[in-house]
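K.L.:
Sharing data11.cif below, mmCIF, C-alpha atoms:
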```cif
data_upload
#
loop_
_atom_site.label_atom_id
_atom_site.label_comp_id
_atom_site.auth_asym_id
_atom_site.auth_seq_id
_atom_site.Cartn_x
_atom_site.Cartn_y
_atom_site.Cartn_z
CA MET B 1 -30.33 10.26 -9.91
CA ARG B 2 -28.09 7.45 -8.74
CA LYS B 3 -27.39 6.53 -12.28
CA ASN B 4 -26.52 10.07 -12.98
CA ILE B 5 -24.05 10.25 -10.16
CA ARG B 6 -22.42 7.06 -11.30
CA ILE B 7 -22.07 8.43 -14.75
CA LYS B 8 -20.64 11.59 -13.38
CA HIS B 9 -18.09 9.63 -11.36
CA ALA B 10 -17.16 7.55 -14.31
CA LEU B 11 -16.73 10.65 -16.39
CA LEU B 12 -14.64 12.27 -13.72
CA GLY B 13 -12.50 9.18 -13.51
CA LEU B 14 -12.02 9.17 -17.24
CA LEU B 15 -11.16 12.84 -17.20
CA LEU B 16 -8.63 12.37 -14.42
CA ALA B 17 -7.08 9.39 -16.14
CA GLY B 18 -6.89 11.40 -19.30
CA ALA B 19 -5.28 14.28 -17.49
CA THR B 20 -2.64 12.14 -15.86
CA THR B 21 -1.67 10.33 -19.03
CA LEU B 22 -1.50 13.68 -20.76
CA ALA B 23 0.65 15.04 -17.95
CA SER B 24 3.05 12.13 -17.94
CA ALA B 25 3.47 12.24 -21.70
CA SER B 26 4.32 15.90 -21.49
CA ASP B 27 6.62 15.23 -18.50
CA ALA B 28 8.63 12.80 -20.58
CA GLU B 29 8.76 15.29 -23.41
CA GLN B 30 9.74 18.03 -21.03
CA ILE B 31 12.52 15.90 -19.59
CA ALA B 32 13.80 14.94 -23.03
CA LYS B 33 13.81 18.57 -24.03
CA GLY B 34 15.62 19.51 -20.81
CA LYS B 35 18.21 16.85 -21.43
CA SER B 36 18.97 18.09 -24.92
CA LEU B 37 19.28 21.66 -23.62
CA PHE B 38 21.61 20.42 -20.89
CA MET B 39 23.89 18.73 -23.43
CA ASN B 40 23.69 21.20 -26.32
CA LYS B 41 26.73 23.42 -26.66
CA LYS B 42 24.71 26.17 -28.32
CA LYS B 43 21.99 26.17 -25.64
CA GLY B 44 22.39 25.32 -21.94
CA ASN B 45 25.72 23.56 -22.29
CA CYS B 46 25.43 22.70 -18.60
CA ILE B 47 27.59 19.66 -19.31
CA ALA B 48 30.52 22.01 -19.89
CA CYS B 49 30.63 22.55 -16.13
CA HIS B 50 28.52 19.85 -14.46
CA MET B 51 28.76 16.10 -14.21
CA ILE B 52 25.48 14.24 -14.26
CA ASN B 53 24.86 10.54 -13.87
CA ASP B 54 23.31 10.12 -17.30
CA PRO B 55 24.98 7.58 -19.61
CA ASP B 56 24.80 10.13 -22.43
CA ALA B 57 26.83 12.71 -20.50
CA ASN B 58 30.10 12.60 -22.34
CA LEU B 59 33.24 14.38 -21.04
CA PRO B 60 31.52 16.60 -18.50
CA GLY B 61 33.37 19.57 -17.01
CA MET B 62 33.92 20.19 -13.31
CA GLN B 63 33.62 23.93 -12.82
CA GLY B 64 30.40 23.43 -10.88
CA PRO B 65 29.16 20.75 -8.47
CA PRO B 66 27.92 17.45 -9.91
CA ILE B 67 24.16 17.35 -10.47
CA VAL B 68 23.28 14.83 -7.75
CA ALA B 69 20.65 14.63 -5.01
CA MET B 70 18.75 17.53 -6.49
CA GLN B 71 15.48 16.76 -4.69
CA ALA B 72 17.26 16.44 -1.36
CA ARG B 73 19.29 19.58 -1.88
CA PHE B 74 16.47 21.62 -3.35
CA PRO B 75 13.26 20.49 -1.64
CA ASP B 76 11.79 23.73 -2.99
CA ILE B 77 12.05 23.39 -6.75
CA ASN B 78 11.67 27.15 -7.15
CA ILE B 79 15.01 27.70 -5.47
CA LEU B 80 16.60 25.33 -7.96
CA ARG B 81 14.92 27.21 -10.79
CA ALA B 82 16.18 30.50 -9.40
CA GLN B 83 19.75 29.15 -9.36
CA ILE B 84 19.53 28.53 -13.08
CA TRP B 85 17.65 31.72 -13.85
CA ASP B 86 20.45 33.81 -12.29
CA ALA B 87 23.25 32.14 -10.34
CA THR B 88 24.83 35.51 -9.52
CA VAL B 89 22.08 36.22 -6.99
CA ARG B 90 23.43 33.58 -4.65
CA ASN B 91 27.07 34.12 -5.53
CA PRO B 92 28.07 37.34 -7.33
CA ASN B 93 31.43 35.79 -8.25
CA THR B 94 30.01 32.67 -9.82
CA ILE B 95 31.22 31.61 -13.24
CA MET B 96 27.78 30.13 -14.01
CA PRO B 97 25.95 32.15 -16.67
CA PRO B 98 22.59 33.79 -15.75
CA PHE B 99 20.46 31.74 -18.11
CA GLY B 100 17.18 33.55 -17.48
CA ARG B 101 18.41 37.08 -16.85
CA HIS B 102 20.53 37.02 -20.02
CA TRP B 103 17.90 35.32 -22.21
CA ILE B 104 20.22 32.37 -22.84
CA LEU B 105 17.30 30.03 -22.26
CA SER B 106 13.60 30.92 -22.44
CA GLU B 107 11.36 30.47 -19.40
CA ASP B 108 9.99 27.24 -20.93
CA GLU B 109 13.45 25.96 -21.59
CA ILE B 110 14.47 26.65 -18.00
CA ASP B 111 11.44 24.68 -16.81
CA ALA B 112 12.51 21.80 -19.04
CA VAL B 113 16.08 21.81 -17.73
CA VAL B 114 14.78 21.88 -14.17
CA ALA B 115 12.49 18.92 -14.89
CA TYR B 116 15.42 17.01 -16.33
CA ILE B 117 17.89 17.61 -13.52
CA TYR B 118 15.29 17.16 -10.78
CA GLN B 119 15.40 13.43 -11.51
CA TYR B 120 19.04 13.21 -10.41
CA MET C 1 30.54 8.99 -4.54
CA LYS C 2 33.60 9.16 -6.72
CA ILE C 3 31.96 11.99 -8.60
CA ILE C 4 31.43 13.88 -5.37
CA THR C 5 34.94 13.45 -4.01
CA SER C 6 36.58 14.40 -7.27
CA TRP C 7 34.36 17.43 -7.46
CA LEU C 8 35.25 18.41 -3.91
CA ALA C 9 38.88 18.78 -4.91
CA GLY C 10 37.80 21.19 -7.63
CA ALA C 11 35.40 22.97 -5.32
CA ALA C 12 38.12 23.58 -2.78
CA LEU C 13 40.19 25.24 -5.49
CA ALA C 14 37.27 27.29 -6.71
CA LEU C 15 36.62 28.46 -3.18
CA ILE C 16 40.16 29.70 -2.74
CA ALA C 17 39.73 31.38 -6.08
CA GLY C 18 36.51 33.05 -5.07
CA MET C 19 37.92 34.46 -1.87
CA SER C 20 41.14 35.96 -3.07
CA SER C 21 40.66 38.18 -6.03
CA ALA C 22 44.15 38.67 -7.35
CA ALA C 23 43.47 42.29 -8.20
CA SER C 24 44.64 43.61 -4.91
CA THR C 25 44.68 47.28 -5.78
CA GLY C 26 41.99 49.67 -6.78
CA ASN C 27 40.15 50.54 -9.91
CA THR C 28 40.87 54.24 -10.06
CA ILE C 29 43.99 56.05 -11.18
CA ALA C 30 44.57 57.17 -7.62
CA THR C 31 44.37 53.70 -6.11
CA VAL C 32 45.68 51.35 -8.79
CA ASP C 33 49.22 50.05 -8.33
CA PRO C 34 50.50 47.87 -11.19
CA GLU C 35 53.42 46.45 -9.26
CA ALA C 36 51.25 45.48 -6.31
CA ASP C 37 48.77 43.87 -8.73
CA ARG C 38 51.55 41.85 -10.33
CA LEU C 39 52.93 40.62 -7.03
CA ALA C 40 49.42 39.75 -5.83
CA LEU C 41 48.78 37.74 -9.00
CA GLN C 42 52.02 35.81 -8.57
CA ALA C 43 51.29 35.19 -4.91
CA TYR C 44 47.79 33.98 -5.77
CA PHE C 45 49.03 31.37 -8.22
CA GLN C 46 51.94 30.30 -6.05
CA LYS C 47 49.64 29.75 -3.14
CA ARG C 48 47.15 27.81 -5.24
CA PHE C 49 49.74 25.70 -7.08
CA PRO C 50 52.68 25.61 -4.65
CA GLU C 51 54.49 22.88 -6.58
CA VAL C 52 54.73 24.92 -9.80
CA GLU C 53 57.86 27.01 -10.41
CA LEU C 54 57.24 30.63 -11.31
CA ALA C 55 59.38 30.29 -14.43
CA ASP C 56 57.14 27.48 -15.71
CA TYR C 57 54.09 29.75 -16.07
CA GLY C 58 55.26 30.69 -19.55
CA ASN C 59 54.09 27.20 -20.52
CA GLY C 60 50.46 27.97 -19.80
CA ILE C 61 48.16 25.11 -18.89
CA TYR C 62 51.04 22.68 -19.47
CA ALA C 63 52.69 24.04 -16.33
CA LEU C 64 49.72 22.82 -14.30
CA ASP C 65 48.30 19.72 -15.95
CA ALA C 66 50.68 16.80 -16.33
CA ALA C 67 48.50 14.87 -18.78
CA SER C 68 48.23 17.65 -21.34
CA ARG C 69 51.90 18.47 -20.82
CA ALA C 70 52.93 15.02 -22.01
CA GLN C 71 50.98 15.45 -25.26
CA TRP C 72 52.40 18.91 -25.73
CA GLU C 73 55.99 17.77 -25.23
CA GLU C 74 55.45 15.25 -27.99
CA LEU C 75 54.14 18.01 -30.22
CA GLU C 76 57.14 20.18 -29.44
CA GLU C 77 59.57 17.46 -30.55
CA PHE C 78 58.92 18.63 -34.09
CA PRO C 79 57.91 22.22 -33.41
CA PRO C 80 55.06 23.11 -35.76
CA TYR C 81 56.18 26.77 -35.86
CA GLU C 82 59.72 26.11 -37.10
CA PHE C 83 58.88 26.89 -40.70
CA ASP C 84 57.18 30.12 -39.62
CA ILE C 85 60.31 31.31 -37.83
CA GLU C 86 62.37 30.74 -40.97
CA GLU C 87 59.79 32.44 -43.12
CA GLY C 88 59.62 35.30 -40.61
CA GLU C 89 63.38 35.74 -40.70
CA GLU C 90 63.31 35.99 -44.45
CA LEU C 91 60.49 38.51 -44.43
CA PHE C 92 62.26 40.48 -41.74
CA ASN C 93 65.43 40.68 -43.79
CA THR C 94 63.83 41.47 -47.13
CA PRO C 95 64.30 45.21 -47.84
CA PHE C 96 61.30 47.41 -48.62
CA ALA C 97 61.01 49.04 -52.06
CA ASN C 98 62.82 52.10 -50.68
CA GLY C 99 65.82 50.00 -49.67
CA LYS C 100 65.20 50.26 -45.92
CA SER C 101 64.09 47.34 -43.76
CA TYR C 102 62.45 46.41 -40.48
CA ALA C 103 65.82 46.59 -38.74
CA ASP C 104 65.84 50.36 -39.33
CA CYS C 105 62.63 50.83 -37.35
CA PHE C 106 63.62 49.08 -34.13
CA GLU C 107 66.20 49.44 -31.44
CA ASN C 108 69.11 47.04 -31.79
CA GLY C 109 68.01 46.30 -35.35
CA GLY C 110 64.92 44.56 -33.99
CA ILE C 111 66.92 41.67 -32.53
CA GLY C 112 66.20 40.69 -28.92
CA VAL C 113 63.59 43.38 -28.26
CA ARG C 114 60.36 41.40 -27.80
CA GLN C 115 60.46 41.79 -24.02
CA ASN C 116 59.96 45.57 -24.28
CA PHE C 117 56.60 45.30 -26.10
CA PRO C 118 53.98 46.56 -25.68
CA TYR C 119 55.19 49.94 -24.41
CA TRP C 120 53.61 53.29 -23.70
CA SER C 121 54.57 55.73 -26.42
CA GLU C 122 54.71 59.31 -25.21
CA GLN C 123 54.91 60.52 -28.76
CA GLN C 124 51.91 58.60 -30.04
CA ASP C 125 49.98 58.88 -26.82
CA GLN C 126 49.03 55.20 -26.96
CA VAL C 127 50.17 51.67 -26.25
CA VAL C 128 52.36 50.32 -29.05
CA THR C 129 52.40 46.56 -29.45
CA LEU C 130 54.96 44.68 -31.50
CA GLU C 131 52.49 44.03 -34.31
CA LEU C 132 51.46 47.68 -34.39
CA ALA C 133 55.14 48.70 -34.59
CA ILE C 134 55.70 46.24 -37.45
CA ASN C 135 52.89 47.76 -39.49
CA GLN C 136 53.91 51.31 -38.57
CA CYS C 137 57.36 50.47 -39.88
CA ARG C 138 55.82 49.34 -43.15
CA THR C 139 53.61 52.37 -43.67
CA ALA C 140 56.44 54.73 -42.70
CA ASN C 141 58.40 53.15 -45.53
CA GLY C 142 55.65 53.33 -48.10
CA GLU C 143 54.50 49.71 -47.82
CA LYS C 144 50.98 48.43 -47.29
CA LYS C 145 49.85 47.22 -43.86
CA LEU C 146 49.70 43.50 -43.20
CA GLY C 147 46.60 41.79 -41.76
CA TRP C 148 46.76 41.77 -37.95
CA LYS C 149 45.86 38.24 -36.93
CA LYS C 150 47.80 35.67 -38.93
CA GLY C 151 50.13 35.10 -41.84
CA LYS C 152 53.09 37.35 -42.47
CA ILE C 153 52.68 39.60 -39.43
CA ALA C 154 52.59 36.58 -37.16
CA GLN C 155 55.67 35.13 -38.86
CA ILE C 156 57.67 38.34 -38.44
CA SER C 157 56.52 38.63 -34.85
CA ALA C 158 57.49 34.98 -34.29
CA TYR C 159 60.98 35.58 -35.63
CA MET C 160 61.41 38.66 -33.45
CA ALA C 161 60.24 36.73 -30.39
CA PHE C 162 62.59 33.91 -31.28
CA THR C 163 65.59 36.28 -31.29
CA SER C 164 64.52 37.40 -27.81
CA ALA C 165 64.27 33.95 -26.25
CA GLY C 166 65.11 34.05 -22.56
CA GLU C 167 64.92 37.84 -22.24
CA LEU C 168 62.73 38.82 -19.31
CA ILE C 169 59.51 40.69 -20.01
CA ASP C 170 60.01 44.27 -18.92
CA ILE C 171 56.92 46.43 -19.31
CA LYS C 172 56.94 49.91 -17.81
CA VAL C 173 54.11 52.19 -16.75
CA PRO C 174 55.96 55.51 -16.88
CA ASN C 175 53.23 58.07 -16.19
CA ASP C 176 49.57 58.62 -15.44
CA LYS C 177 48.46 58.31 -19.04
CA ALA C 178 50.14 54.94 -19.27
CA LYS C 179 48.54 54.07 -15.97
CA ALA C 180 45.14 54.92 -17.41
CA ALA C 181 45.80 52.52 -20.30
CA TYR C 182 46.88 49.85 -17.80
CA LEU C 183 43.74 50.45 -15.78
CA ASP C 184 41.58 50.14 -18.87
CA GLY C 185 43.24 46.80 -19.65
CA LYS C 186 42.73 45.65 -16.09
CA ALA C 187 39.06 46.62 -16.22
CA GLN C 188 38.63 44.64 -19.42
CA PHE C 189 40.23 41.60 -17.85
CA TYR C 190 37.89 41.62 -14.88
CA SER C 191 34.67 42.76 -16.60
CA ARG C 192 32.00 40.26 -17.47
CA ARG C 193 31.18 40.16 -21.14
CA GLY C 194 28.89 38.51 -23.59
CA GLN C 195 25.63 36.69 -23.21
CA LEU C 196 27.35 34.15 -20.97
CA ASN C 197 28.41 36.97 -18.64
CA MET C 198 31.98 35.81 -18.16
CA SER C 199 35.18 37.72 -17.60
CA CYS C 200 38.66 36.66 -18.60
CA ALA C 201 39.27 36.32 -14.86
CA ASN C 202 36.40 33.84 -14.47
CA CYS C 203 38.24 31.37 -16.67
CA HIS C 204 41.91 32.33 -16.42
CA LEU C 205 42.05 33.06 -12.69
CA GLN C 206 39.11 31.51 -10.85
CA GLY C 207 38.51 28.52 -13.15
CA VAL C 208 42.16 27.74 -13.95
CA ASN C 209 42.96 24.05 -14.42
CA ILE C 210 39.37 22.95 -13.71
CA PRO C 211 37.78 21.16 -16.67
CA ILE C 212 35.25 23.05 -18.79
CA ARG C 213 34.01 20.09 -20.76
CA ALA C 214 37.28 18.58 -22.01
CA ASP C 215 39.34 21.81 -21.83
CA ARG C 216 41.27 23.20 -18.96
CA THR C 217 41.94 26.91 -18.88
CA GLY C 218 45.47 28.12 -18.37
CA PRO C 219 46.62 30.75 -15.89
CA THR C 220 46.78 34.35 -16.99
CA LEU C 221 50.19 34.65 -15.41
CA GLY C 222 52.50 33.91 -18.36
CA HIS C 223 49.72 34.20 -20.94
CA VAL C 224 51.65 36.50 -23.25
CA THR C 225 55.16 35.05 -23.12
CA HIS C 226 54.88 32.58 -25.98
CA PHE C 227 52.94 34.53 -28.59
CA PRO C 228 52.43 34.32 -31.48
CA VAL C 229 51.25 30.78 -31.11
CA PHE C 230 50.86 27.84 -33.46
CA ARG C 231 47.50 26.43 -32.50
CA SER C 232 46.57 22.96 -33.67
CA LYS C 233 42.96 24.07 -33.94
CA TRP C 234 43.96 26.87 -36.32
CA GLY C 235 46.52 24.70 -38.07
CA ALA C 236 48.57 27.88 -38.25
CA LEU C 237 50.27 30.64 -36.39
CA GLY C 238 48.12 33.39 -34.86
CA THR C 239 48.64 36.54 -32.83
CA LEU C 240 47.54 37.28 -29.29
CA HIS C 241 44.68 39.46 -30.50
CA ARG C 242 43.38 36.64 -32.64
CA ARG C 243 43.15 34.55 -29.49
CA TYR C 244 41.43 37.36 -27.56
CA GLY C 245 38.76 37.46 -30.25
CA GLY C 246 38.28 33.69 -30.01
CA CYS C 247 37.76 33.80 -26.25
CA GLN C 248 35.28 36.63 -26.57
CA ASN C 249 33.30 34.76 -29.20
CA ASN C 250 33.21 31.76 -26.89
CA VAL C 251 31.30 33.71 -24.26
CA ARG C 252 28.85 34.74 -26.99
CA GLY C 253 30.18 38.25 -26.96
CA THR C 254 31.54 40.35 -29.77
CA ALA C 255 35.20 40.13 -30.58
CA LEU C 256 36.74 43.59 -30.70
CA LYS C 257 39.05 44.82 -33.43
CA ALA C 258 42.53 43.35 -33.40
CA GLN C 259 44.99 46.14 -32.52
CA GLY C 260 42.17 48.48 -31.56
CA GLU C 261 42.75 50.51 -28.41
CA GLU C 262 40.89 48.06 -26.15
CA TYR C 263 42.94 45.02 -27.04
CA ARG C 264 46.20 46.97 -26.97
CA ASN C 265 45.39 48.13 -23.45
CA LEU C 266 44.42 44.61 -22.47
CA GLU C 267 47.73 43.36 -23.79
CA PHE C 268 49.54 46.13 -21.88
CA PHE C 269 47.92 44.99 -18.63
CA MET C 270 48.44 41.28 -19.30
CA SER C 271 52.07 41.79 -20.29
CA TYR C 272 52.78 43.82 -17.18
CA MET C 273 51.40 40.91 -15.15
CA SER C 274 54.03 38.67 -16.74
CA ASN C 275 56.98 41.00 -16.05
CA GLY C 276 60.02 38.99 -15.03
CA LEU C 277 59.03 35.88 -17.00
CA ALA C 278 61.13 34.85 -19.99
CA VAL C 279 60.08 35.34 -23.60
CA ASN C 280 59.54 31.86 -25.08
CA GLY C 281 57.66 32.53 -28.28
CA PRO C 282 56.60 31.35 -30.64
CA GLY C 283 54.81 28.56 -28.83
CA SER C 284 52.48 25.74 -29.68
CA ARG C 285 49.11 25.00 -28.19
CA LYS C 286 46.29 22.55 -28.69
#
```
What is this file in structure tokens?
P.N.:
Amino acid sequence: MRKNIRIKHALLGLLLAGATTLASASDAEQIAKGKSLFMNKKKGNCIACHMINDPDANLPGMQGPPIVAMQARFPDINILRAQIWDATVRNPNTIMPPFGRHWILSEDEIDAVVAYIYQY
Amino acid sequence: MKIITSWLAGAALALIAGMSSAASTGNTIATVDPEADRLALQAYFQKRFPEVELADYGNGIYALDAASRAQWEELEEFPPYEFDIEEGEELFNTPFANGKSYADCFENGGIGVRQNFPYWSEQQDQVVTLELAINQCRTANGEKKLGWKKGKIAQISAYMAFTSAGELIDIKVPNDKAKAAYLDGKAQFYSRRGQLNMSCANCHLQGVNIPIRADRTGPTLGHVTHFPVFRSKWGALGTLHRRYGGCQNNVRGTALKAQGEEYRNLEFFMSYMSNGLAVNGPGSRK
């Protein structure tokens, strides 16, 4: 029995370790994908309006606030996601395009952009 | 921190922009008042950019942004549209096959009349722009129409604008039908379009002089005064409706037909907004 439990624990540990390495690999991928959407003129093109403290952010625009202190300003990540999904909900006059409502980005792509900017 | 403070300056501007929509009058025939709209638009820009002279708005973004103005002034030292004015003059003066010419179609022989276009034509029951009148003149005299967006029509239009330099734009809304056309143009200016869901007003009112990537959008006040325009990006002269199409494509929308009713009404509205400013076309832009 004891032996069995040990084995079970070891297996569980292995499983968990596996899960976390899997998760972090996909996090990095997710963030890289989000970054390219953020910069790509044909996709998010967030850089057209937002500064971000990423060395690859070249000639950012200033129509919107700089992407800083995201975790502090959006402790609830869902509120941040909602801002990107449809910025007109919070401000009907906003110039920011409704990326989700208008199918500019897919749901997955929005998740990726959120993952990317949530680091800043 | 520097990022935040420099953004704050922009944010303050955007806030002012958000609060005061320059369209002060209504969106029905009964409530819309072109003259009140025009004065509200002027007041909006003068409040937001108090140091800029009203007369300078004909220079677009260069009236507001000193850095791009310096580049532009260099460009204007050897005006890239000079050849087009000469070419336009020649085209203008070349008789049609029937012996008549453009001069026969316009008041005052077509010299110094730019400021009166577009106008509401009672007879045609529509807005007549300068380019439309040029092509109507051709077809009335048995000639083929010219393409609307560039080339010869832009050159003729450029020459006609050039002979009107300094004349003050003087658009009239003489009756309710004209008012309906004005209202349609106003609605187009303020309506959100395209996948990006942006209106002309988002960029040329609210977002004026705030960087979108490396560009800064110019104010709508004075937008029409210097057309047709020699745009470096085009490497050629183009008409106002060509530019409209470009802006609509940029918001991932569908450009409408040059000289279709929608764009003529939009031009009618935008030109009325610039009443009192001097004709200074053709112009040059980045």
K.L.:
Please work out which residues fall within 12 Å of (27.9, 35.7, -9.7), coordinates as given in the file, with only C-alpha atoms counting, and return them as a PDB file with C-alpha atoms, in the frame of the given file.
P.N.:
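Below you can see result-v9.pdb, which holds the result:
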```
ATOM      1  CA  GLN B  83      19.750  29.150  -9.360  1.00  0.00           C
ATOM      2  CA  ILE B  84      19.530  28.530 -13.080  1.00  0.00           C
ATOM      3  CA  TRP B  85      17.650  31.720 -13.850  1.00  0.00           C
ATOM      4  CA  ASP B  86      20.450  33.810 -12.290  1.00  0.00           C
ATOM      5  CA  ALA B  87      23.250  32.140 -10.340  1.00  0.00           C
ATOM      6  CA  THR B  88      24.830  35.510  -9.520  1.00  0.00           C
ATOM      7  CA  VAL B  89      22.080  36.220  -6.990  1.00  0.00           C
ATOM      8  CA  ARG B  90      23.430  33.580  -4.650  1.00  0.00           C
ATOM      9  CA  ASN B  91      27.070  34.120  -5.530  1.00  0.00           C
ATOM     10  CA  PRO B  92      28.070  37.340  -7.330  1.00  0.00           C
ATOM     11  CA  ASN B  93      31.430  35.790  -8.250  1.00  0.00           C
ATOM     12  CA  THR B  94      30.010  32.670  -9.820  1.00  0.00           C
ATOM     13  CA  ILE B  95      31.220  31.610 -13.240  1.00  0.00           C
ATOM     14  CA  MET B  96      27.780  30.130 -14.010  1.00  0.00           C
ATOM     15  CA  PRO B  97      25.950  32.150 -16.670  1.00  0.00           C
ATOM     16  CA  PRO B  98      22.590  33.790 -15.750  1.00  0.00           C
ATOM     17  CA  PHE B  99      20.460  31.740 -18.110  1.00  0.00           C
ATOM     18  CA  ARG B 101      18.410  37.080 -16.850  1.00  0.00           C
TER      19      ARG B 101
ATOM     20  CA  GLY C  18      36.510  33.050  -5.070  1.00  0.00           C
ATOM     21  CA  SER C 191      34.670  42.760 -16.600  1.00  0.00           C
ATOM     22  CA  ARG C 192      32.000  40.260 -17.470  1.00  0.00           C
ATOM     23  CA  LEU C 196      27.350  34.150 -20.970  1.00  0.00           C
ATOM     24  CA  ASN C 197      28.410  36.970 -18.640  1.00  0.00           C
ATOM     25  CA  MET C 198      31.980  35.810 -18.160  1.00  0.00           C
ATOM     26  CA  SER C 199      35.180  37.720 -17.600  1.00  0.00           C
ATOM     27  CA  ASN C 202      36.400  33.840 -14.470  1.00  0.00           C
TER      28      ASN C 202
END
```
K.L.:
Applying 12 Å and all atoms listed in the file, which residues near stretch 93-97 of chain C remain after dropping the ones on its own chain fewer than 6 positions away? List them as a VMD selection string.
P.N.:
chain C and resid 86 to 87 103 to 105 109 to 111 137 to 144 156 159 to 160
K.L.:
Would you pick out the contacts of B:Ser106 at 12 Å or less, using all atoms listed in the file, so that residues sharing its chain but fewer than 3 positions from it are not included, and give the list as a CSV table (one decimal) with C-alpha atoms, in the frame of the given file?
P.N.:
```csv
chain,number,residue,atom,x,y,z
B,34,GLY,CA,15.6,19.5,-20.8
B,37,LEU,CA,19.3,21.7,-23.6
B,43,LYS,CA,22.0,26.2,-25.6
B,44,GLY,CA,22.4,25.3,-21.9
B,84,ILE,CA,19.5,28.5,-13.1
B,85,TRP,CA,17.6,31.7,-13.8
B,98,PRO,CA,22.6,33.8,-15.8
B,99,PHE,CA,20.5,31.7,-18.1
B,100,GLY,CA,17.2,33.6,-17.5
B,101,ARG,CA,18.4,37.1,-16.8
B,102,HIS,CA,20.5,37.0,-20.0
B,103,TRP,CA,17.9,35.3,-22.2
B,109,GLU,CA,13.4,26.0,-21.6
B,110,ILE,CA,14.5,26.6,-18.0
B,111,ASP,CA,11.4,24.7,-16.8
B,112,ALA,CA,12.5,21.8,-19.0
B,113,VAL,CA,16.1,21.8,-17.7
```
K.L.:
Calculated over only C-alpha atoms, which of the candidates B:Leu80, B:Ser26, B:Phe74, B:Gln63 has the smallest distance to chain C?
P.N.:
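The answer is B:Gln63, which sits nearest to chain C.
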K.L.:
Using all atoms listed in the file, which protein or nucleic acid residues come within 10 Å of stretch 121-133 of chain C? Drop anything in the same chain fewer than 6 positions from it, and give the result as an NGL selection string.
P.N.:
:C and (102 or 105-106 or 113-115 or 139 or 145-149 or 153-154 or 156-157 or 160-161 or 174-175 or 177-178 or 181-182 or 239-241 or 258-268)
K.L.:
Ranking B:Asn40, B:Ile104, B:Ala72, B:Ala32 by minimum distance to chain C and counting all atoms listed in the file, which one comes first?
P.N.:
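Going through B:Asn40, B:Ile104, B:Ala72, B:Ala32 one by one, the smallest distance to chain C is for B:Ile104.
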K.L.:
One decimal, in Å: what's the spacing between atom CA of B:Ile77 and atom CA of B:Phe38?
P.N.:
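Those two atoms sit 17.3 Å apart.
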K.L.:
Take the PyMOL selection byres ((chain C and resi 72) around 8), apply it to the structure above, and return the hits as a VMD selection string.
P.N.:
chain C and resid 62 68 to 71 73 to 76 284 to 286
K.L.:
Produce a table with one row for each residue of stretch 14-118 of chain B that has an atom at most 9 Å from any atom of stretch 212-236 of chain C, each row naming the nearest atom pair and its distance in Å at one decimal; use all atoms listed in the file; arrange rows by chain and rising residue number; format as a tab-separated table.
P.N.:
```
residue	atom	partner	partner_atom	distance
B:Ile47	CA	C:Arg213	CA	6.6
B:Ala48	CA	C:Arg213	CA	4.1
B:Cys49	CA	C:Ile212	CA	5.4
B:His50	CA	C:Arg213	CA	8.4
B:Asn58	CA	C:Arg213	CA	8.6
B:Leu59	CA	C:Arg213	CA	5.8
B:Pro60	CA	C:Arg213	CA	4.8
B:Gly61	CA	C:Arg213	CA	3.8
B:Met62	CA	C:Ile212	CA	6.3
B:Gln63	CA	C:Ile212	CA	6.3
```
K.L.:
One number please: atom CA of B:Ile67 to atom CA of B:Tyr120, in Å, one decimal.
P.N.:
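Result for atom CA of B:Ile67 versus atom CA of B:Tyr120: 6.6 Å, one decimal.
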K.L.:
With distances taken over only C-alpha atoms, which residue among B:Gln119, B:Lys42, B:Pro55, B:Ile79 lies nearest chain C?
P.N.:
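Residue with the minimum atom-to-atom distance to chain C: B:Lys42.
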K.L.:
Under the rule that all atoms listed in the file are counted, which of B:Lys41, B:Lys35, B:Asp27, B:Pro75 is the nearest residue to B:Asn53?
P.N.:
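Result for the nearest residue to B:Asn53: B:Lys35.
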K.L.:
For each of C:Leu277, C:Asn249, C:Gly151, C:Met270, take the minimum atom-to-atom distance to C:Asp37, counting all atoms listed in the file, then give the residue where this is smallest.
P.N.:
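With all atoms listed in the file as the atom set, the closest residue is C:Met270.
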K.L.:
Near C:Ala278, within 7 Å and counting all atoms listed in the file, which residues show up once chain neighbours fewer than 2 positions away are dropped, as a ChimeraX atom specification?
P.N.:
/C:166-169,225,276,280
K.L.:
Produce a file of the selected residues containing C-alpha atoms, as a compact mmCIF listing (two decimals), in the frame of the given file.
P.N.:
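Saved file out.txt follows:
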```
# COMPACT_ATOMS: atom_id res chain seq x y z
CA GLY C 166 65.11 34.05 -22.56
CA GLU C 167 64.92 37.84 -22.24
CA LEU C 168 62.73 38.82 -19.31
CA ILE C 169 59.51 40.69 -20.01
CA THR C 225 55.16 35.05 -23.12
CA GLY C 276 60.02 38.99 -15.03
CA ASN C 280 59.54 31.86 -25.08
```
